[in-house]
Amino acid sequence: MRLPLFAAAALVASLAASQALAWGSTGHRLIGQLATEALPTALPAFLHTREASDAIGELAREPDRSRGAGQPHDADLDPGHFTDLTDQGKTLGGDPIAAMPRDKEAYEASLHTAGTTMNKGGFLFYNLIDGYQQLVKDFAYYRVETAVRKTWTDPAQLAWLTADLKLREAITIRDLGYWSHFVGDASMPMHVSIHYNGWGDYPNPNHYTQDKIHVPFEGPYVFANVTKAGVRDAMAPPAVCTEAIQVCVADYLQTTLATVEPTYRLWSQKGFAPKDPQDVAFVTGRVAAGAAALRDLVTKAWAQSEDGVVGYPGVTVKAVEAGAPVPFDMLYGAD
């Protein structure tokens, strides 16, 4: 029997993982805000403002708010919110999460061989890497433009640079905020599991529920029980992954996958009781894991951007910050 808290969610609780709103507005907003507020001071000053953390918190909701735009928009984007993994940490195509195909084309081929599709298997793994790489590029342009601002002298060129640097800040906040949604999705147990809305037609020796628990767990329960202070206190200390981003993302998803059974175990006991300390701590911890992961991935992206290349034929960030000249046309564009 479901608790009264979840009665209002009954009509939407049967939605598949590709249709559910992971963490709802409350959880995604908290993840975006708290990760931004916790960024190291070495990152750009424009990120250390109330305006930035608020904007990133709101943008974290955007991939869900854009749903219902029509087709092919929804069908093409919805699978990016999840990657279905077996209890053994393998995709529907049989690939271990620690050894994923190089890109979505190879991943799709693997799924087709297994008789399924990427729309069914989901591609959250690749969305996390794609958004990270975009952020590295955003940071690289920001670093180059910040550096050349100290050396250019032509007034017209400096005027363009000042305006473009402001635009770079806005683009970076937008890209970071939008991507933060998927980093948050990856901390939600049912977005990385074949058991995404009830245990399903799989071996079930522990008799875990077949109830459609996805939406009640991630939406109404978070809204009613999870607080900003609680999530902040539950965030792990900074621990930036030093491996390649593919390895970091695989480890993150594997860690979340390990929380699937605990989720079902807790639910089986009493259905996630309102204000229950154990239940609140568990759900708060999952939201906090998303915020901590986002904080650490943004920090990693900033560090990696030092080795980035911008423009054509290309100049390295490291060289520009060391004083290498940058022609105006390389940034403005000479077609």
# chains A, B, ... in the order shown; residues from 1 in each chain; ligands from 1
call {"tool": "select_by_dssp", "arguments": {"residues": "segment 28-254 of chain A", "states": "alpha helix (DSSP H)", "output": "MDAnalysis selection string"}}
result
chainID A and resid 28:37 50:59 62:65 73:77 104:113 118:121 124:148 155:185 214:218 220:225 228:234 245:254
call {"tool": "write_last_selection", "arguments": {"atoms": "C-alpha atoms", "output": "tab-separated table (two decimals), in the first residue's frame"}}
result
chain	number	residue	atom	x	y	z
A	28	HIS	CA	18.08	19.02	-9.99
A	29	ARG	CA	17.99	22.61	-8.77
A	30	LEU	CA	19.81	21.64	-5.57
A	31	ILE	CA	22.46	19.70	-7.48
A	32	GLY	CA	23.20	22.61	-9.80
A	33	GLN	CA	23.23	25.24	-7.06
A	34	LEU	CA	25.25	23.35	-4.47
A	35	ALA	CA	27.87	22.09	-6.90
A	36	THR	CA	28.44	25.62	-8.16
A	37	GLU	CA	28.61	27.05	-4.66
A	50	ARG	CA	24.85	34.05	-6.58
A	51	GLU	CA	23.60	34.79	-10.10
A	52	ALA	CA	25.68	31.93	-11.53
A	53	SER	CA	24.64	29.33	-8.96
A	54	ASP	CA	20.98	30.31	-9.29
A	55	ALA	CA	21.15	30.20	-13.09
A	56	ILE	CA	22.87	26.81	-13.12
A	57	GLY	CA	20.29	25.49	-10.69
A	58	GLU	CA	17.47	26.57	-12.98
A	59	LEU	CA	19.21	25.38	-16.14
A	62	GLU	CA	15.89	22.46	-18.63
A	63	PRO	CA	16.23	19.00	-20.26
A	64	ASP	CA	13.03	17.96	-18.46
A	65	ARG	CA	11.22	21.24	-19.09
A	73	HIS	CA	12.78	16.10	-30.42
A	74	ASP	CA	11.53	13.97	-27.54
A	75	ALA	CA	12.34	10.55	-28.96
A	76	ASP	CA	15.89	11.64	-29.81
A	77	LEU	CA	16.63	13.29	-26.46
A	104	LYS	CA	27.43	6.15	-29.77
A	105	GLU	CA	27.78	4.67	-33.25
A	106	ALA	CA	29.76	1.70	-31.91
A	107	TYR	CA	27.45	1.42	-28.91
A	108	GLU	CA	24.39	1.34	-31.15
A	109	ALA	CA	25.97	-1.39	-33.26
A	110	SER	CA	26.54	-3.43	-30.10
A	111	LEU	CA	22.91	-3.00	-29.07
A	112	HIS	CA	21.63	-3.94	-32.51
A	113	THR	CA	23.69	-7.13	-32.40
A	118	MET	CA	19.96	2.78	-28.25
A	119	ASN	CA	16.55	4.32	-27.58
A	120	LYS	CA	15.78	1.36	-25.33
A	121	GLY	CA	19.21	1.05	-23.76
A	124	LEU	CA	23.43	8.75	-20.48
A	125	PHE	CA	27.04	7.51	-20.39
A	126	TYR	CA	27.80	9.39	-23.60
A	127	ASN	CA	25.83	12.49	-22.61
A	128	LEU	CA	28.05	12.84	-19.54
A	129	ILE	CA	31.21	12.67	-21.65
A	130	ASP	CA	29.84	14.94	-24.38
A	131	GLY	CA	28.85	17.66	-21.90
A	132	TYR	CA	32.18	17.42	-20.11
A	133	GLN	CA	34.15	17.82	-23.33
A	134	GLN	CA	32.03	20.83	-24.30
A	135	LEU	CA	32.74	22.42	-20.94
A	136	VAL	CA	36.49	21.86	-21.41
A	137	LYS	CA	36.24	23.69	-24.73
A	138	ASP	CA	34.20	26.51	-23.16
A	139	PHE	CA	36.83	26.95	-20.46
A	140	ALA	CA	39.61	26.88	-23.03
A	141	TYR	CA	38.11	29.78	-24.99
A	142	TYR	CA	37.48	31.70	-21.78
A	143	ARG	CA	41.10	31.26	-20.68
A	144	VAL	CA	42.50	32.34	-24.04
A	145	GLU	CA	40.31	35.42	-24.28
A	146	THR	CA	41.11	36.38	-20.70
A	147	ALA	CA	44.83	36.09	-21.44
A	148	VAL	CA	44.86	38.06	-24.71
A	155	PRO	CA	40.43	49.67	-29.27
A	156	ALA	CA	38.05	48.09	-31.80
A	157	GLN	CA	39.51	44.65	-31.21
A	158	LEU	CA	39.35	45.09	-27.46
A	159	ALA	CA	35.72	46.17	-27.67
A	160	TRP	CA	34.83	43.01	-29.59
A	161	LEU	CA	36.86	40.90	-27.14
A	162	THR	CA	35.15	42.39	-24.09
A	163	ALA	CA	31.72	41.66	-25.55
A	164	ASP	CA	32.70	38.17	-26.65
A	165	LEU	CA	34.20	37.34	-23.27
A	166	LYS	CA	30.89	38.27	-21.66
A	167	LEU	CA	29.16	36.01	-24.14
A	168	ARG	CA	31.62	33.21	-23.35
A	169	GLU	CA	30.64	33.47	-19.69
A	170	ALA	CA	26.94	33.17	-20.56
A	171	ILE	CA	27.58	30.22	-22.91
A	172	THR	CA	29.65	28.44	-20.28
A	173	ILE	CA	26.94	28.86	-17.64
A	174	ARG	CA	24.33	27.60	-20.07
A	175	ASP	CA	26.38	24.56	-21.12
A	176	LEU	CA	27.33	23.74	-17.53
A	177	GLY	CA	23.77	24.13	-16.29
A	178	TYR	CA	22.19	22.04	-19.03
A	179	TRP	CA	24.80	19.29	-18.64
A	180	SER	CA	24.41	19.29	-14.86
A	181	HIS	CA	20.98	17.75	-15.35
A	182	PHE	CA	22.53	14.58	-16.74
A	183	VAL	CA	25.21	14.48	-14.04
A	184	GLY	CA	22.30	14.58	-11.60
A	185	ASP	CA	20.44	11.86	-13.48
A	214	HIS	CA	10.34	5.69	-9.96
A	215	VAL	CA	8.46	8.99	-9.87
A	216	PRO	CA	7.35	8.86	-6.20
A	217	PHE	CA	10.94	8.18	-5.14
A	218	GLU	CA	12.67	10.89	-7.14
A	220	PRO	CA	7.44	13.96	-4.44
A	221	TYR	CA	9.69	12.38	-1.81
A	222	VAL	CA	12.60	14.69	-2.57
A	223	PHE	CA	10.31	17.72	-2.61
A	224	ALA	CA	8.81	16.86	0.77
A	225	ASN	CA	11.87	15.59	2.62
A	228	LYS	CA	19.44	22.26	0.77
A	229	ALA	CA	21.24	22.19	4.11
A	230	GLY	CA	20.90	18.43	4.30
A	231	VAL	CA	22.33	17.91	0.83
A	232	ARG	CA	25.19	20.34	1.48
A	233	ASP	CA	26.12	18.49	4.68
A	234	ALA	CA	25.96	15.12	2.90
A	245	ILE	CA	36.81	11.10	-18.50
A	246	GLN	CA	35.48	7.79	-19.87
A	247	VAL	CA	36.89	5.99	-16.84
A	248	CYS	CA	35.60	8.63	-14.43
A	249	VAL	CA	32.08	8.41	-15.85
A	250	ALA	CA	32.10	4.61	-15.79
A	251	ASP	CA	33.16	4.64	-12.14
A	252	TYR	CA	30.44	7.15	-11.29
A	253	LEU	CA	27.72	5.05	-12.91
A	254	GLN	CA	29.06	1.89	-11.28
call {"tool": "atom_distance", "arguments": {"atom1": "atom CA of Ser305 of chain A", "atom2": "atom CA of Ala244 of chain A"}}
result
13.5 Å
call {"tool": "residues_around", "arguments": {"residues": "segment 256-265 of chain A", "least_positions_apart": "2", "cutoff": "8 Å", "atoms": "only C-alpha atoms", "output": "VMD selection string"}}
result
chain A and resid 85 87 89 186 to 190 192 to 193 195 208 to 209 252 to 254 267 to 269
call {"tool": "write_last_selection", "arguments": {"atoms": "N, CA and C atoms", "output": "compact mmCIF listing (two decimals), in the first residue's frame"}}
result
# COMPACT_ATOMS: atom_id res chain seq x y z
N LEU A 85 21.60 -0.65 -17.09
CA LEU A 85 22.67 -1.61 -16.80
C LEU A 85 22.10 -2.80 -16.04
N ASP A 87 22.53 -6.05 -13.33
CA ASP A 87 23.10 -6.11 -11.98
C ASP A 87 24.60 -6.38 -12.03
N GLY A 89 26.56 -4.88 -14.13
CA GLY A 89 27.21 -3.70 -14.67
C GLY A 89 27.44 -3.74 -16.16
N ALA A 186 22.58 10.75 -13.26
CA ALA A 186 23.47 9.61 -13.04
C ALA A 186 23.65 9.26 -11.57
N SER A 187 23.15 10.09 -10.66
CA SER A 187 23.20 9.73 -9.24
C SER A 187 21.90 9.09 -8.79
N MET A 188 20.91 9.02 -9.68
CA MET A 188 19.61 8.45 -9.36
C MET A 188 19.64 6.96 -9.72
N PRO A 189 19.50 6.06 -8.75
CA PRO A 189 19.71 4.63 -8.99
C PRO A 189 18.95 4.07 -10.18
N MET A 190 17.71 4.48 -10.36
CA MET A 190 16.90 3.86 -11.41
C MET A 190 17.19 4.41 -12.80
N VAL A 192 20.24 4.17 -13.94
CA VAL A 192 21.40 3.40 -14.39
C VAL A 192 21.12 1.90 -14.28
N SER A 193 19.84 1.52 -14.29
CA SER A 193 19.49 0.14 -14.00
C SER A 193 18.35 -0.36 -14.86
N HIS A 195 16.23 -2.17 -13.58
CA HIS A 195 15.11 -2.15 -12.61
C HIS A 195 14.65 -0.71 -12.42
N TYR A 208 11.63 -8.10 -4.31
CA TYR A 208 11.54 -6.64 -4.37
C TYR A 208 10.28 -6.23 -5.12
N THR A 209 9.79 -5.06 -4.81
CA THR A 209 8.49 -4.61 -5.30
C THR A 209 8.45 -4.49 -6.82
N TYR A 252 31.58 6.45 -11.89
CA TYR A 252 30.44 7.15 -11.29
C TYR A 252 29.16 6.33 -11.46
N LEU A 253 28.92 5.84 -12.67
CA LEU A 253 27.72 5.05 -12.91
C LEU A 253 27.75 3.74 -12.14
N GLN A 254 28.93 3.14 -12.04
CA GLN A 254 29.06 1.89 -11.28
C GLN A 254 28.74 2.11 -9.81
N TRP A 267 12.66 0.52 0.24
CA TRP A 267 11.26 0.66 -0.16
C TRP A 267 10.43 -0.53 0.33
N SER A 268 11.02 -1.73 0.27
CA SER A 268 10.29 -2.93 0.68
C SER A 268 9.94 -2.90 2.16
N GLN A 269 10.73 -2.18 2.94
CA GLN A 269 10.49 -2.14 4.38
C GLN A 269 9.24 -1.34 4.73
call {"tool": "atom_distance", "arguments": {"atom1": "atom CA of Gly311 of chain A", "atom2": "atom CA of Asp154 of chain A"}}
result
19.7 Å
call {"tool": "closest_residue", "arguments": {"among": "A:Cys241, A:Ile97, A:Ala22, A:Leu294", "to": "Gly80 of chain A", "atoms": "only C-alpha atoms"}}
result
A:Ala22
